[in-house]
>>> print(open('my_file26.csv').read())   # CSV, C-alpha atoms
chain,number,residue,atom,x,y,z
A,5,MET,CA,3.6,-12.9,35.5
A,6,THR,CA,3.8,-13.2,31.7
A,7,THR,CA,1.8,-16.0,30.1
A,8,SER,CA,3.7,-18.1,27.6
A,9,PHE,CA,2.4,-20.1,24.6
A,10,ASP,CA,3.3,-23.3,26.5
A,11,GLN,CA,1.1,-22.3,29.4
A,12,LEU,CA,-1.8,-21.7,27.0
A,13,GLY,CA,-1.6,-25.3,25.9
A,14,VAL,CA,0.0,-24.8,22.5
A,15,PRO,CA,1.9,-28.0,21.4
A,16,ARG,CA,5.7,-27.8,21.6
A,17,LYS,CA,6.2,-28.2,17.8
A,18,LEU,CA,4.0,-25.1,17.2
A,19,VAL,CA,5.8,-23.2,20.0
A,20,GLY,CA,9.0,-24.0,18.2
A,21,ALA,CA,7.6,-22.8,14.9
A,22,LEU,CA,6.7,-19.5,16.5
A,23,ALA,CA,10.1,-19.1,18.1
A,24,GLN,CA,11.7,-19.5,14.7
A,25,ARG,CA,9.8,-16.4,13.6
A,26,GLY,CA,10.9,-14.5,16.8
A,27,ILE,CA,7.4,-14.8,18.4
A,28,THR,CA,7.8,-15.8,22.0
A,29,GLU,CA,5.1,-14.0,24.0
A,30,PRO,CA,1.4,-13.8,23.2
A,31,PHE,CA,-0.5,-10.6,22.5
A,32,PRO,CA,-3.5,-9.8,24.9
A,33,ILE,CA,-6.1,-11.3,22.5
A,34,GLN,CA,-4.0,-14.5,22.2
A,35,ALA,CA,-3.5,-14.8,25.9
A,36,ALA,CA,-7.2,-14.3,26.4
A,37,THR,CA,-8.5,-16.8,23.9
A,38,ILE,CA,-6.0,-19.5,22.9
A,39,ALA,CA,-6.4,-21.8,26.0
A,40,GLU,CA,-10.2,-21.9,25.6
A,41,ALA,CA,-9.9,-22.4,21.9
A,42,MET,CA,-7.4,-25.2,22.4
A,43,ALA,CA,-9.9,-26.8,24.8
A,44,GLY,CA,-12.5,-26.9,22.1
A,45,ARG,CA,-14.7,-24.0,23.4
A,46,ASP,CA,-16.7,-21.9,21.0
A,47,LEU,CA,-15.7,-18.3,21.4
A,48,CYS,CA,-16.3,-14.8,19.9
A,49,GLY,CA,-13.7,-12.1,20.1
A,50,ARG,CA,-13.9,-8.4,19.4
A,51,ALA,CA,-10.5,-7.0,18.6
A,52,PRO,CA,-9.2,-4.3,16.3
A,53,THR,CA,-7.0,-4.8,13.3
A,54,GLY,CA,-3.4,-5.5,14.2
A,55,SER,CA,-4.2,-7.0,17.6
A,56,GLY,CA,-2.9,-10.5,16.8
A,57,LYS,CA,-6.3,-12.3,16.3
A,58,THR,CA,-5.1,-14.2,13.2
A,59,LEU,CA,-2.5,-16.1,15.4
A,60,ALA,CA,-5.2,-16.5,18.1
A,61,PHE,CA,-7.2,-18.8,15.8
A,62,SER,CA,-4.4,-20.2,13.7
A,63,LEU,CA,-2.7,-22.0,16.6
A,64,PRO,CA,-5.9,-23.9,17.6
A,65,LEU,CA,-6.6,-24.7,14.0
A,66,ALA,CA,-3.2,-26.1,13.4
A,67,ALA,CA,-3.2,-28.0,16.6
A,68,ARG,CA,-6.7,-29.5,16.7
A,69,VAL,CA,-7.7,-30.3,13.1
A,70,GLY,CA,-7.1,-33.8,11.7
A,71,ARG,CA,-6.0,-35.1,8.3
A,72,ALA,CA,-8.6,-34.7,5.6
A,73,GLU,CA,-10.0,-37.0,3.0
A,74,PRO,CA,-10.1,-35.8,-0.6
A,75,ARG,CA,-12.7,-33.0,-1.0
A,76,ARG,CA,-13.5,-33.0,2.7
A,77,PRO,CA,-11.6,-30.3,4.6
A,78,ARG,CA,-11.4,-30.6,8.4
A,79,GLY,CA,-10.8,-26.9,9.2
A,80,LEU,CA,-12.4,-23.9,7.6
A,81,VAL,CA,-11.7,-20.1,7.7
A,82,LEU,CA,-14.4,-17.9,6.1
A,83,LEU,CA,-13.4,-14.3,5.5
A,84,PRO,CA,-14.5,-11.4,3.3
A,85,THR,CA,-11.7,-10.7,0.9
A,86,ARG,CA,-8.9,-12.4,-1.1
A,87,GLU,CA,-6.3,-10.0,0.4
A,88,LEU,CA,-7.3,-11.1,3.9
A,89,ALA,CA,-7.2,-14.7,2.8
A,90,ALA,CA,-3.6,-14.3,1.6
A,91,GLN,CA,-2.7,-12.6,4.9
A,92,VAL,CA,-4.2,-15.5,7.0
A,93,ALA,CA,-2.5,-18.1,4.8
A,94,ALA,CA,0.9,-16.5,5.4
A,95,GLU,CA,0.3,-16.7,9.1
A,96,LEU,CA,-1.3,-20.2,9.2
A,97,THR,CA,0.8,-22.1,6.7
A,98,PRO,CA,4.1,-22.3,8.7
A,99,LEU,CA,2.1,-23.6,11.7
A,100,ALA,CA,0.2,-26.1,9.7
A,101,GLN,CA,3.4,-27.4,8.1
A,102,ALA,CA,4.9,-27.9,11.6
A,103,ALA,CA,1.8,-29.9,12.5
A,104,GLY,CA,1.8,-31.9,9.2
A,105,ARG,CA,-1.3,-30.2,7.8
A,106,ARG,CA,-2.1,-28.9,4.3
A,107,VAL,CA,-3.4,-25.4,3.7
A,108,ALA,CA,-5.1,-23.9,0.6
A,109,THR,CA,-6.9,-20.7,-0.2
A,110,PHE,CA,-10.1,-20.4,-2.3
A,111,TYR,CA,-11.4,-17.2,-3.7
A,112,GLY,CA,-12.6,-15.6,-6.9
A,113,GLY,CA,-10.3,-14.4,-9.6
A,114,THR,CA,-8.2,-17.6,-9.5
A,115,SER,CA,-8.3,-20.9,-11.4
A,116,LEU,CA,-11.3,-23.0,-10.6
A,117,GLY,CA,-9.5,-26.0,-12.0
A,118,ARG,CA,-6.6,-25.5,-9.7
A,119,ASP,CA,-9.0,-25.3,-6.7
A,120,GLN,CA,-10.6,-28.6,-7.8
A,121,GLN,CA,-7.3,-30.3,-8.1
A,122,ARG,CA,-6.2,-29.3,-4.7
A,123,LEU,CA,-9.4,-30.5,-3.1
A,124,ARG,CA,-9.1,-33.8,-4.9
A,125,ARG,CA,-5.6,-34.2,-3.4
A,126,GLY,CA,-6.8,-33.2,0.1
A,127,VAL,CA,-6.9,-30.0,2.0
A,128,ASP,CA,-6.8,-30.1,5.8
A,129,LEU,CA,-7.3,-26.4,6.3
A,130,ALA,CA,-9.3,-24.3,3.8
A,131,ILE,CA,-9.2,-20.5,3.9
A,132,ALA,CA,-12.0,-19.3,1.7
A,133,CYS,CA,-14.2,-16.4,0.6
A,134,PRO,CA,-17.9,-17.4,0.8
A,135,GLY,CA,-18.7,-17.0,-3.0
A,136,ARG,CA,-15.9,-19.3,-4.3
A,137,LEU,CA,-16.4,-21.9,-1.6
A,138,ALA,CA,-20.2,-22.0,-2.3
A,139,ASP,CA,-19.4,-22.5,-6.0
A,140,LEU,CA,-17.1,-25.5,-5.2
A,141,VAL,CA,-19.7,-27.0,-2.8
A,142,GLY,CA,-22.4,-26.6,-5.4
A,143,ARG,CA,-20.3,-28.4,-8.0
A,144,GLY,CA,-19.6,-31.3,-5.6
A,145,ASP,CA,-15.9,-30.4,-5.5
A,146,ALA,CA,-16.0,-29.7,-1.7
A,147,ASP,CA,-17.9,-31.4,1.1
A,148,LEU,CA,-18.1,-29.6,4.5
A,149,SER,CA,-19.6,-32.5,6.4
A,150,ASP,CA,-16.2,-33.4,8.0
A,151,VAL,CA,-15.4,-29.9,9.2
A,152,GLU,CA,-14.3,-29.9,12.9
A,153,VAL,CA,-13.4,-26.2,13.4
A,154,VAL,CA,-14.9,-23.2,11.7
A,155,VAL,CA,-13.4,-19.7,12.0
A,156,LEU,CA,-15.4,-16.6,11.0
A,157,ASP,CA,-12.9,-13.9,10.5
A,158,GLU,CA,-13.9,-10.2,10.3
A,159,ALA,CA,-17.5,-11.2,10.5
A,160,ASP,CA,-18.7,-7.6,10.6
A,161,ARG,CA,-17.1,-7.0,7.2
A,162,MET,CA,-18.7,-10.1,5.7
A,163,ALA,CA,-22.0,-8.7,6.9
A,164,ASP,CA,-21.3,-5.3,5.4
A,165,MET,CA,-20.4,-6.8,2.1
A,166,GLY,CA,-23.6,-8.9,1.9
A,167,PHE,CA,-22.0,-12.3,2.4
A,168,LEU,CA,-24.1,-13.5,5.4
A,169,PRO,CA,-26.7,-15.4,3.5
A,170,GLU,CA,-24.0,-17.4,1.8
A,171,VAL,CA,-22.1,-17.8,5.1
A,172,ARG,CA,-25.3,-19.2,6.7
A,173,ARG,CA,-25.8,-21.7,3.9
A,174,LEU,CA,-22.3,-22.9,4.2
A,175,LEU,CA,-22.4,-23.2,7.9
A,176,ASP,CA,-25.7,-25.2,7.6
A,177,THR,CA,-23.8,-27.9,5.7
A,178,THR,CA,-21.2,-28.4,8.5
A,179,PRO,CA,-21.6,-30.7,11.5
A,180,LYS,CA,-23.6,-29.2,14.4
A,181,GLN,CA,-20.9,-30.4,16.8
A,182,ARG,CA,-18.1,-28.4,15.2
A,183,GLN,CA,-16.2,-25.8,17.1
A,184,THR,CA,-16.9,-22.2,15.9
A,185,LEU,CA,-14.5,-19.3,16.5
A,186,LEU,CA,-15.8,-15.8,15.5
A,187,PHE,CA,-13.7,-12.7,15.4
A,188,SER,CA,-15.1,-9.3,14.5
A,189,ALA,CA,-14.6,-5.5,15.2
A,190,THR,CA,-18.3,-5.5,16.5
A,191,LEU,CA,-20.4,-8.2,18.0
A,192,ASP,CA,-23.9,-6.7,17.6
A,193,GLY,CA,-26.5,-6.6,14.8
A,194,ASP,CA,-26.0,-9.2,12.1
A,195,VAL,CA,-22.9,-10.6,13.8
A,196,ASP,CA,-24.9,-11.3,17.0
A,197,VAL,CA,-27.3,-13.3,14.8
A,198,LEU,CA,-24.4,-15.5,13.8
A,199,ILE,CA,-23.3,-15.9,17.4
A,200,ARG,CA,-26.8,-17.0,18.6
A,201,ARG,CA,-27.5,-19.3,15.7
A,202,TYR,CA,-24.1,-21.0,15.2
A,203,GLN,CA,-22.3,-21.0,18.5
A,204,ARG,CA,-22.8,-23.1,21.6
A,205,ASP,CA,-22.4,-21.2,24.9
A,206,PRO,CA,-19.5,-19.2,23.5
A,207,VAL,CA,-17.1,-17.5,25.8
A,208,ARG,CA,-16.8,-13.8,24.8
A,209,HIS,CA,-13.6,-11.7,24.8
A,210,GLU,CA,-13.6,-8.0,23.9
A,211,LEU,CA,-10.3,-6.2,23.5
A,212,ALA,CA,-10.7,-2.4,23.4
A,213,GLU,CA,-8.6,-0.4,21.1
A,214,ASP,CA,-5.7,1.3,22.9
A,215,PRO,CA,-6.3,5.0,22.8
A,216,ALA,CA,-2.6,5.5,22.4
A,217,GLU,CA,-2.8,3.7,19.1
A,218,GLN,CA,-5.4,6.2,17.7
A,219,GLY,CA,-4.1,9.3,16.1
A,220,GLU,CA,-5.9,12.6,15.6
A,221,VAL,CA,-7.9,12.5,12.3
A,222,ARG,CA,-9.0,15.8,10.8
A,223,HIS,CA,-12.0,15.8,8.4
A,224,TYR,CA,-12.4,18.3,5.5
A,225,PHE,CA,-15.3,18.8,3.1
A,226,TRP,CA,-14.6,20.9,0.1
A,227,HIS,CA,-16.7,22.2,-2.7
A,228,ALA,CA,-15.3,20.9,-6.0
A,229,GLU,CA,-16.5,21.0,-9.6
A,230,PRO,CA,-16.2,17.6,-11.2
A,231,SER,CA,-13.5,18.9,-13.5
A,232,GLU,CA,-11.4,20.2,-10.5
A,233,ARG,CA,-11.3,16.9,-8.5
A,234,VAL,CA,-8.2,15.3,-10.1
A,235,ALA,CA,-6.1,18.4,-9.7
A,236,LEU,CA,-7.3,18.8,-6.1
A,237,THR,CA,-6.5,15.2,-5.4
A,238,ARG,CA,-3.0,15.7,-6.8
A,239,ASP,CA,-2.4,18.7,-4.5
A,240,VAL,CA,-3.8,16.8,-1.5
A,241,VAL,CA,-1.4,13.9,-2.1
A,242,ALA,CA,1.5,16.3,-2.4
A,243,HIS,CA,0.9,17.5,1.1
A,244,ALA,CA,0.3,14.1,2.7
A,245,SER,CA,2.7,11.9,0.7
A,246,SER,CA,0.5,8.8,0.7
A,247,ALA,CA,-3.2,8.5,-0.1
A,248,ILE,CA,-6.1,6.1,-0.6
A,249,VAL,CA,-8.5,7.7,-3.0
A,250,PHE,CA,-12.1,6.3,-3.1
A,251,THR,CA,-14.3,6.2,-6.2
A,252,ARG,CA,-17.8,4.8,-6.6
A,253,THR,CA,-17.1,2.6,-9.6
A,254,LYS,CA,-14.3,0.4,-11.0
A,255,HIS,CA,-14.2,2.4,-14.2
A,256,ALA,CA,-13.7,5.6,-12.2
A,257,ALA,CA,-10.9,4.0,-10.2
A,258,ASP,CA,-9.0,3.2,-13.4
A,259,ARG,CA,-9.7,6.6,-14.9
A,260,VAL,CA,-8.6,8.6,-11.9
A,261,ALA,CA,-5.4,6.5,-11.4
A,262,LYS,CA,-4.4,7.2,-15.1
A,263,GLN,CA,-5.2,10.9,-14.7
A,264,LEU,CA,-3.1,11.1,-11.5
A,265,ASN,CA,-0.2,9.3,-13.1
A,266,ARG,CA,-0.3,11.9,-16.0
A,267,ARG,CA,-0.1,14.6,-13.4
A,268,GLY,CA,3.0,13.2,-11.7
A,269,VAL,CA,1.4,11.2,-8.9
A,270,ALA,CA,2.4,7.6,-9.0
A,271,SER,CA,-0.9,5.8,-8.7
A,272,ALA,CA,-2.4,2.3,-9.0
A,273,ALA,CA,-6.0,1.2,-9.1
A,274,ILE,CA,-7.5,-1.7,-7.1
A,275,HIS,CA,-10.9,-3.1,-7.7
A,276,GLY,CA,-12.8,-6.3,-8.3
A,277,ASN,CA,-11.9,-6.5,-12.0
A,278,ARG,CA,-8.2,-6.6,-11.2
A,279,SER,CA,-6.5,-10.0,-10.9
A,280,GLN,CA,-5.2,-11.1,-7.6
A,281,ASN,CA,-1.6,-10.6,-8.8
A,282,GLN,CA,-2.4,-7.1,-9.9
A,283,ARG,CA,-4.0,-6.3,-6.6
A,284,GLN,CA,-1.1,-7.7,-4.6
A,285,ARG,CA,1.4,-5.8,-6.7
A,286,ALA,CA,-0.5,-2.6,-6.2
A,287,LEU,CA,-0.6,-3.1,-2.4
A,288,ALA,CA,3.1,-4.0,-2.3
A,289,ALA,CA,4.0,-0.9,-4.3
A,290,PHE,CA,1.8,1.3,-2.1
A,291,SER,CA,3.3,-0.2,1.1
A,292,SER,CA,6.9,0.3,-0.1
A,293,GLY,CA,6.2,3.9,-1.2
A,294,GLU,CA,6.7,3.2,-4.9
A,295,VAL,CA,3.1,4.2,-5.4
A,296,ALA,CA,1.8,7.4,-3.6
A,297,ALA,CA,-1.9,7.0,-4.3
A,298,LEU,CA,-4.0,3.8,-4.3
A,299,VAL,CA,-7.3,4.4,-6.1
A,300,ALA,CA,-9.9,2.0,-4.8
A,301,THR,CA,-13.6,1.1,-4.8
A,302,ASP,CA,-15.4,0.4,-1.5
A,303,VAL,CA,-15.5,-3.4,-1.9
A,304,ALA,CA,-11.8,-3.7,-2.9
A,305,ALA,CA,-10.7,-1.5,0.0
A,306,ARG,CA,-12.2,-3.8,2.6
A,307,GLY,CA,-9.1,-5.9,2.2
A,308,ILE,CA,-6.6,-3.1,2.6
A,309,HIS,CA,-4.6,-3.3,5.8
A,310,VAL,CA,-1.7,-0.8,5.7
A,311,ASP,CA,-0.4,1.7,8.2
A,312,ASP,CA,1.0,5.2,7.5
A,313,VAL,CA,-1.7,6.3,5.1
A,314,GLY,CA,-1.4,10.1,5.1
A,315,VAL,CA,-4.8,11.0,3.8
A,316,VAL,CA,-8.1,9.4,2.6
A,317,VAL,CA,-9.7,11.2,-0.3
A,318,HIS,CA,-13.4,10.7,-1.0
A,319,PHE,CA,-13.1,11.5,-4.7
A,320,ASP,CA,-16.7,10.4,-4.8
A,321,PRO,CA,-18.5,10.9,-1.5
A,322,ALA,CA,-19.4,7.9,0.5
A,323,ALA,CA,-22.9,6.5,-0.1
A,324,THR,CA,-23.6,5.9,3.5
A,325,GLU,CA,-22.3,6.8,6.9
A,326,LYS,CA,-21.0,3.3,7.4
A,327,ASP,CA,-19.0,3.5,4.1
A,328,TYR,CA,-17.6,6.9,5.3
A,329,VAL,CA,-16.4,5.3,8.5
A,330,HIS,CA,-14.9,2.3,6.8
A,331,ARG,CA,-13.1,4.4,4.2
A,332,SER,CA,-11.9,7.0,6.7
A,333,GLY,CA,-10.6,4.4,9.1
A,334,ARG,CA,-7.7,3.7,6.7
A,335,THR,CA,-5.9,6.7,8.1
A,336,GLY,CA,-4.9,7.7,11.7
A,337,ARG,CA,-3.7,4.2,12.6
A,338,ALA,CA,-0.9,2.9,14.8
A,339,GLY,CA,-0.7,6.2,16.7
A,340,ALA,CA,-0.2,8.4,13.5
A,341,ASP,CA,-2.4,11.4,12.8
A,342,GLY,CA,-4.5,11.4,9.6
A,343,LEU,CA,-6.5,13.4,7.2
A,344,VAL,CA,-9.8,12.8,5.5
A,345,VAL,CA,-10.8,15.0,2.5
A,346,THR,CA,-14.2,14.8,0.8
A,347,LEU,CA,-14.6,16.5,-2.6
A,348,VAL,CA,-18.2,17.6,-3.0
A,349,ALA,CA,-19.7,18.3,-6.4
A,350,PRO,CA,-22.7,20.7,-6.6
A,351,ASP,CA,-25.1,17.8,-7.1
A,352,LYS,CA,-23.8,16.0,-4.0
A,353,VAL,CA,-24.1,18.9,-1.4
A,354,ALA,CA,-27.4,17.7,0.0
A,355,ASP,CA,-26.3,14.1,0.3
A,356,VAL,CA,-23.1,15.1,2.1
A,357,LYS,CA,-24.8,17.4,4.5
A,358,GLY,CA,-27.1,14.5,5.4
A,359,LEU,CA,-24.0,12.3,5.9
A,360,GLN,CA,-22.5,15.0,8.2
A,361,ARG,CA,-25.6,15.1,10.3
A,362,ALA,CA,-25.8,11.3,10.6
A,363,LEU,CA,-22.1,11.2,11.7
A,364,ARG,CA,-22.4,14.3,13.9
A,365,LEU,CA,-19.7,16.0,12.0
A,366,ARG,CA,-19.7,19.8,11.7
A,367,GLU,CA,-22.1,20.7,8.9
A,368,ARG,CA,-19.9,22.8,6.8
A,369,ILE,CA,-18.6,22.4,3.2
A,370,GLY,CA,-15.7,24.9,2.6
A,371,THR,CA,-13.6,26.2,-0.2
A,372,ALA,CA,-10.8,23.8,-1.3
A,373,ALA,CA,-7.5,24.8,0.4
A,374,PRO,CA,-4.8,22.0,0.1
A,375,GLY,CA,-2.3,24.3,1.8
A,376,GLU,CA,-4.2,23.9,5.0
A,377,LEU,CA,-3.2,20.3,5.1
A,378,ALA,CA,0.6,20.9,5.4
A,379,ALA,CA,0.5,21.1,9.2
A,380,SER,CA,-1.4,17.9,9.4
A,381,ALA,CA,0.6,15.7,7.1
A,382,VAL,CA,1.8,12.5,8.8
A,383,ARG,CA,4.8,11.8,6.6
>>> encode(input="my_file26.csv", output="structure tokens")
Amino acid sequence: MTTSFDQLGVPRKLVGALAQRGITEPFPIQAATIAEAMAGRDLCGRAPTGSGKTLAFSLPLAARVGRAEPRRPRGLVLLPTRELAAQVAAELTPLAQAAGRRVATFYGGTSLGRDQQRLRRGVDLAIACPGRLADLVGRGDADLSDVEVVVLDEADRMADMGFLPEVRRLLDTTPKQRQTLLFSATLDGDVDVLIRRYQRDPVRHELAEDPAEQGEVRHYFWHAEPSERVALTRDVVAHASSAIVFTRTKHAADRVAKQLNRRGVASAAIHGNRSQNQRQRALAAFSSGEVAALVATDVAARGIHVDDVGVVVHFDPAATEKDYVHRSGRTGRAGADGLVVTLVAPDKVADVKGLQRALRLRERIGTAAPGELAASAVR
């Protein structure tokens, strides 16, 4: 028997708001977690991207959080990137409006004065990156002592990006009796520390990734002189149609994007020095196919959630095995096959072989052959 949002305890006005968007049946992670979250339980959920976890915590937030006094939000979502903050806001705002609640996002690269004004007017539900929120708290513009519900979204990525000390300091300023909902792709390591320190007898739900949603991903490692890498990247994109190209630095991302554009590959750079509007325009152009290659740094790419990425190019090899996995995971999604190409300069051969051993990949760095990719192209 199919579970409905009504049966999960979602208020009728929120069920109606979902129906207006054509959402009538919960996804598995929603069916597993919403009723307990609506009842006030702490919970931690492991679920892959695209599983519906944002709605799983947005509904309890909109339903359970009260009206806020100026500067004192009642609900808080902490997450790692401004792109993710915008995505959560798009999901949560219609529900909050149906419940008569106000939503605002807070992250770097935007006007601090605007954030201060919104907090003075009152924000019921704050969606924030840790750095900007900590700045606002430190200035006395935000007070977290009235927070009733905290959501830690993509907690593993916050750990990877070094945000956990700031997250802990922020959580330490919230009431101990708050409800805490945590969602992450993994629940071990640093994330488990958060669970043990900040959750009370949490119920745990782990949703395995559907094997049918995982495409075959082929990994190539090619010798490449530094002067050859742009031309090779151009040829790789020609065979795969869409690419995310990773560089180590912001300056390199800008430079490579310009060089690819000059060689006929429509490209855009995305990194921390780009404004939020610039980043959103680049992502929109990439998603629509207007831009074929998105050139990104590791930190900026943590906020990229797009399907149908034909190839990931490690223009600069990943620094660690974890970085390699994060980067490479941008292709081979939603059942599509994918390609990963690492360009290895002579001075990086030893590092890359160590990476291959750590990841149990075949220890071989071959001669560049973009033509080999044609049979593997996903679109």
>>> residues_around(input="my_file26.csv", residues="A:Ala130", least_positions_apart="2", cutoff="9 Å", atoms="only C-alpha atoms", output="list in words")
Pro77, Arg78, Gly79, Leu80, Val81, Leu82, Arg106, Val107, Ala108, Thr109, Phe110, Val127, Asp128 and Ala132 of chain A
>>> atom_distance(input="my_file26.csv", atom1="atom CA of A:Leu65", atom2="atom CA of A:Pro32")
18.7 Å
>>> residues_around(input="my_file26.csv", residues="A:Cys133", least_positions_apart="3", cutoff="8 Å", atoms="all atoms listed in the file", output="ChimeraX atom specification")
/A:82-86,89,110-112,136-137
>>> atom_distance(input="my_file26.csv", atom1="atom CA of A:Gly104", atom2="atom CA of A:Asp145")
23.1 Å
>>> residues_around(input="my_file26.csv", residues="A:Gly20", least_positions_apart="6", cutoff="12 Å", atoms="all atoms listed in the file", output="list in words")
Phe9, Asp10, Val14, Gly26, Ile27, Thr28, Leu63, Pro98, Leu99, Ala102 and Ala103 of chain A
>>> closest_residue(input="my_file26.csv", among="A:Leu47, A:Ala257, A:Ala373, A:Ala66", to="A:Asp239", atoms="all atoms listed in the file")
A:Ala373
>>> closest_atom_pairs(input="my_file26.csv", of="stretch 155-252 of chain A", to="stretch 259-276 of chain A", cutoff="9 Å", atoms="all atoms listed in the file", output="CSV")
residue,atom,partner,partner_atom,distance
A:Val234,CA,A:Leu264,CA,6.8
A:Ala235,CA,A:Arg267,CA,8.0
A:Thr237,CA,A:Leu264,CA,8.1
A:Arg238,CA,A:Leu264,CA,6.6
A:Val241,CA,A:Val269,CA,7.8
A:Ala242,CA,A:Val269,CA,8.3
A:Val249,CA,A:Val260,CA,8.9
A:Thr251,CA,A:Val260,CA,8.4
>>> closest_residue(input="my_file26.csv", among="A:Asp157, A:Glu40, A:Asp119, A:Glu87", to="A:Val195", atoms="all atoms listed in the file")
A:Asp157
>>> atom_distance(input="my_file26.csv", atom1="atom CA of A:Ser291", atom2="atom CA of A:Ile248")
11.4 Å
>>> residues_around(input="my_file26.csv", residues="stretch 317-320 of chain A", least_positions_apart="5", cutoff="10 Å", atoms="only C-alpha atoms", output="ChimeraX atom specification")
/A:224-225,228,230,233-234,236-237,240-241,247-253,256-257,260,297,299,301,328,331-332,343-349,352
>>> closest_residue(input="my_file26.csv", among="A:Arg125, A:Arg118, A:Arg172, A:Arg105", to="A:Arg76", atoms="all atoms listed in the file")
A:Arg125
